[in-house]
Amino acid sequence: MTSAPPPEELDPDALKAVTHPLRRRILGVLSAGPATATKLAQALGENTGATSYHLRELARFGFVEDVPELARGKERWWRTRPRDIRWPRRSEQSAESRVLFDDMRRQGFEDDLEKLNRFAEQRDELPGDWPDALLFSRGATWLTAEELHQLWTDYMELLRRYWRTEEDRSPEARRVLVRWLAFPDPGE
């Protein structure tokens with residue numbers, strides 16, 4: 001089994017690169033598997049020049065990489081590069097980074113909700129035990145800020161224990177979206 005990549009924190013330029021709306025959409029398509037700029041352009045309703053440019057920018061910051069073994073002639077294939085990205089603490093972010101991060105977080109929640117709703121609509125069509133694979137828990141507890149950070153650290157260690165590359169996965173495995181959210185009750 002391949003081990004998870006080491007955690008890394010993004011600098012402001014990389015944060016700008018990954019928060020661009022088209023680049024986020026490109027990363028979303030590539031998360032399902034490698035593609036060419038042409039295939040991405042078709043999937044996203046964009047032109048190949050735009051997808052090529054944004055792929056090069058994503059590559060410059062290490063979010064995507066070439067897949068030379070798939071290349072035929074001038075055809076260039078791309079895939080996401082496995083990374084364990086950690087965001088700087090909000091108190092350490094610049095005002096500009098906070099705006100970018102807040103927008104990315106908002107868009108991420110919207111994307112996640114759309115995918116969750118799509119799964120709910122299609123789940124009865126899935127084979128085997130997959131229709132029962134909507135696992136969630138909703139609860140509350142009393143924690144200090146330090147304990148909350150430790151809970152997050154423990155969660156990240158658990159998630160990293162199950163991390164797999166596409167090449168290292170079981171043939172029966174499906175890509176599973178995992179989201180963790182914890183925040184102080186605003187009513188307190």
# chains A, B, ... in the order shown; residues from 1 in each chain; ligands from 1
$ residues_around --residues "Ser97 (chain A)" --least-positions-apart "5" --cutoff "9 Å" --atoms "only C-alpha atoms" --output "PDB file with N, CA, C and O atoms, in the first residue's frame"
ATOM      1  N   PRO A  12       0.268  31.778  -0.568  1.00  0.00           N
ATOM      2  CA  PRO A  12      -0.810  32.581  -1.175  1.00  0.00           C
ATOM      3  C   PRO A  12      -0.918  32.453  -2.697  1.00  0.00           C
ATOM      4  O   PRO A  12      -2.027  32.445  -3.231  1.00  0.00           O
ATOM      5  N   LEU A  15      -2.629  29.227  -3.431  1.00  0.00           N
ATOM      6  CA  LEU A  15      -4.036  29.372  -3.054  1.00  0.00           C
ATOM      7  C   LEU A  15      -4.805  30.090  -4.162  1.00  0.00           C
ATOM      8  O   LEU A  15      -5.889  29.665  -4.552  1.00  0.00           O
ATOM      9  N   LYS A  16      -4.219  31.164  -4.709  1.00  0.00           N
ATOM     10  CA  LYS A  16      -4.858  31.869  -5.830  1.00  0.00           C
ATOM     11  C   LYS A  16      -5.031  30.934  -7.018  1.00  0.00           C
ATOM     12  O   LYS A  16      -6.067  30.950  -7.679  1.00  0.00           O
ATOM     13  N   ARG A  90      -6.518  30.653   9.987  1.00  0.00           N
ATOM     14  CA  ARG A  90      -7.140  31.914   9.573  1.00  0.00           C
ATOM     15  C   ARG A  90      -6.400  33.112  10.156  1.00  0.00           C
ATOM     16  O   ARG A  90      -6.203  34.121   9.493  1.00  0.00           O
ATOM     17  N   ASP A 102     -12.335  31.913   1.835  1.00  0.00           N
ATOM     18  CA  ASP A 102     -13.771  31.923   2.124  1.00  0.00           C
ATOM     19  C   ASP A 102     -14.583  31.589   0.883  1.00  0.00           C
ATOM     20  O   ASP A 102     -15.564  30.842   0.949  1.00  0.00           O
TER      21      ASP A 102
END
$ select_by_dssp --residues "chain A" --states "strand (DSSP E or B)" --output "ChimeraX atom specification"
/A:7-9,35-36,64-66,72,75,77-80,84-86
$ residues_around --residues "Leu22 (chain A)" --least-positions-apart "3" --cutoff "8 Å" --atoms "only C-alpha atoms" --output "list in words"
Arg25, Ile26 and His54 of chain A
$ write_last_selection --atoms "all heavy atoms" --output "JSON list (two decimals), in the first residue's frame"
[["chain", "number", "residue", "atom", "x", "y", "z"],
["A", 25, "ARG", "N", -12.98, 23.40, -11.44],
["A", 25, "ARG", "CA", -13.78, 22.49, -12.26],
["A", 25, "ARG", "C", -12.89, 21.45, -12.95],
["A", 25, "ARG", "O", -13.25, 20.28, -13.05],
["A", 25, "ARG", "CB", -14.60, 23.28, -13.27],
["A", 25, "ARG", "CG", -15.69, 24.13, -12.60],
["A", 25, "ARG", "CD", -16.42, 25.06, -13.56],
["A", 25, "ARG", "NE", -16.97, 24.37, -14.70],
["A", 25, "ARG", "CZ", -17.01, 24.89, -15.93],
["A", 25, "ARG", "NH1", -16.55, 26.10, -16.17],
["A", 25, "ARG", "NH2", -17.55, 24.20, -16.92],
["A", 26, "ILE", "N", -11.73, 21.88, -13.43],
["A", 26, "ILE", "CA", -10.77, 20.97, -14.06],
["A", 26, "ILE", "C", -10.34, 19.91, -13.06],
["A", 26, "ILE", "O", -10.33, 18.72, -13.36],
["A", 26, "ILE", "CB", -9.55, 21.74, -14.62],
["A", 26, "ILE", "CG1", -9.96, 22.53, -15.87],
["A", 26, "ILE", "CG2", -8.38, 20.79, -14.91],
["A", 26, "ILE", "CD1", -8.90, 23.49, -16.39],
["A", 54, "HIS", "N", -4.89, 26.61, -18.21],
["A", 54, "HIS", "CA", -5.15, 26.39, -16.78],
["A", 54, "HIS", "C", -4.51, 25.09, -16.28],
["A", 54, "HIS", "O", -4.11, 25.01, -15.12],
["A", 54, "HIS", "CB", -6.65, 26.44, -16.50],
["A", 54, "HIS", "CG", -7.19, 27.83, -16.61],
["A", 54, "HIS", "ND1", -6.87, 28.83, -15.73],
["A", 54, "HIS", "CD2", -8.02, 28.40, -17.52],
["A", 54, "HIS", "CE1", -7.46, 29.95, -16.07],
["A", 54, "HIS", "NE2", -8.18, 29.72, -17.16]]
$ residues_around --residues "Pro5 (chain A)" --least-positions-apart "2" --cutoff "7 Å" --atoms "only C-alpha atoms" --output "VMD selection string"
chain A and resid 3 7 82 to 84
$ residues_around --residues "Leu44 (chain A)" --least-positions-apart "5" --cutoff "12 Å" --atoms "only C-alpha atoms" --output "count of residues only"
16
$ atom_distance --atom1 "CA of Glu75 (chain A)" --atom2 "CA of Thr36 (chain A)"
7.0 Å
$ atom_distance --atom1 "CA of Ala133 (chain A)" --atom2 "CA of Arg175 (chain A)"
11.7 Å
$ select_by_dssp --residues "region 23-165 of chain A" --states "helix (DSSP H, G or I)" --output "count of residues only"
86
$ closest_residue --among "A:Leu181, A:Ala173, A:Leu148, A:Leu70" --to "Phe109 (chain A)" --atoms "only C-alpha atoms"
A:Leu181
$ atom_distance --atom1 "CA of Lys74 (chain A)" --atom2 "CA of Ala59 (chain A)"
17.8 Å
$ closest_residue --among "A:Arg169, A:Arg56, A:His149, A:Lys115" --to "Trp78 (chain A)" --atoms "only C-alpha atoms"
A:Arg56
$ closest_residue --among "A:Leu113, A:Asp168, A:Gly33, A:Arg86" --to "Phe101 (chain A)" --atoms "only C-alpha atoms"
A:Arg86
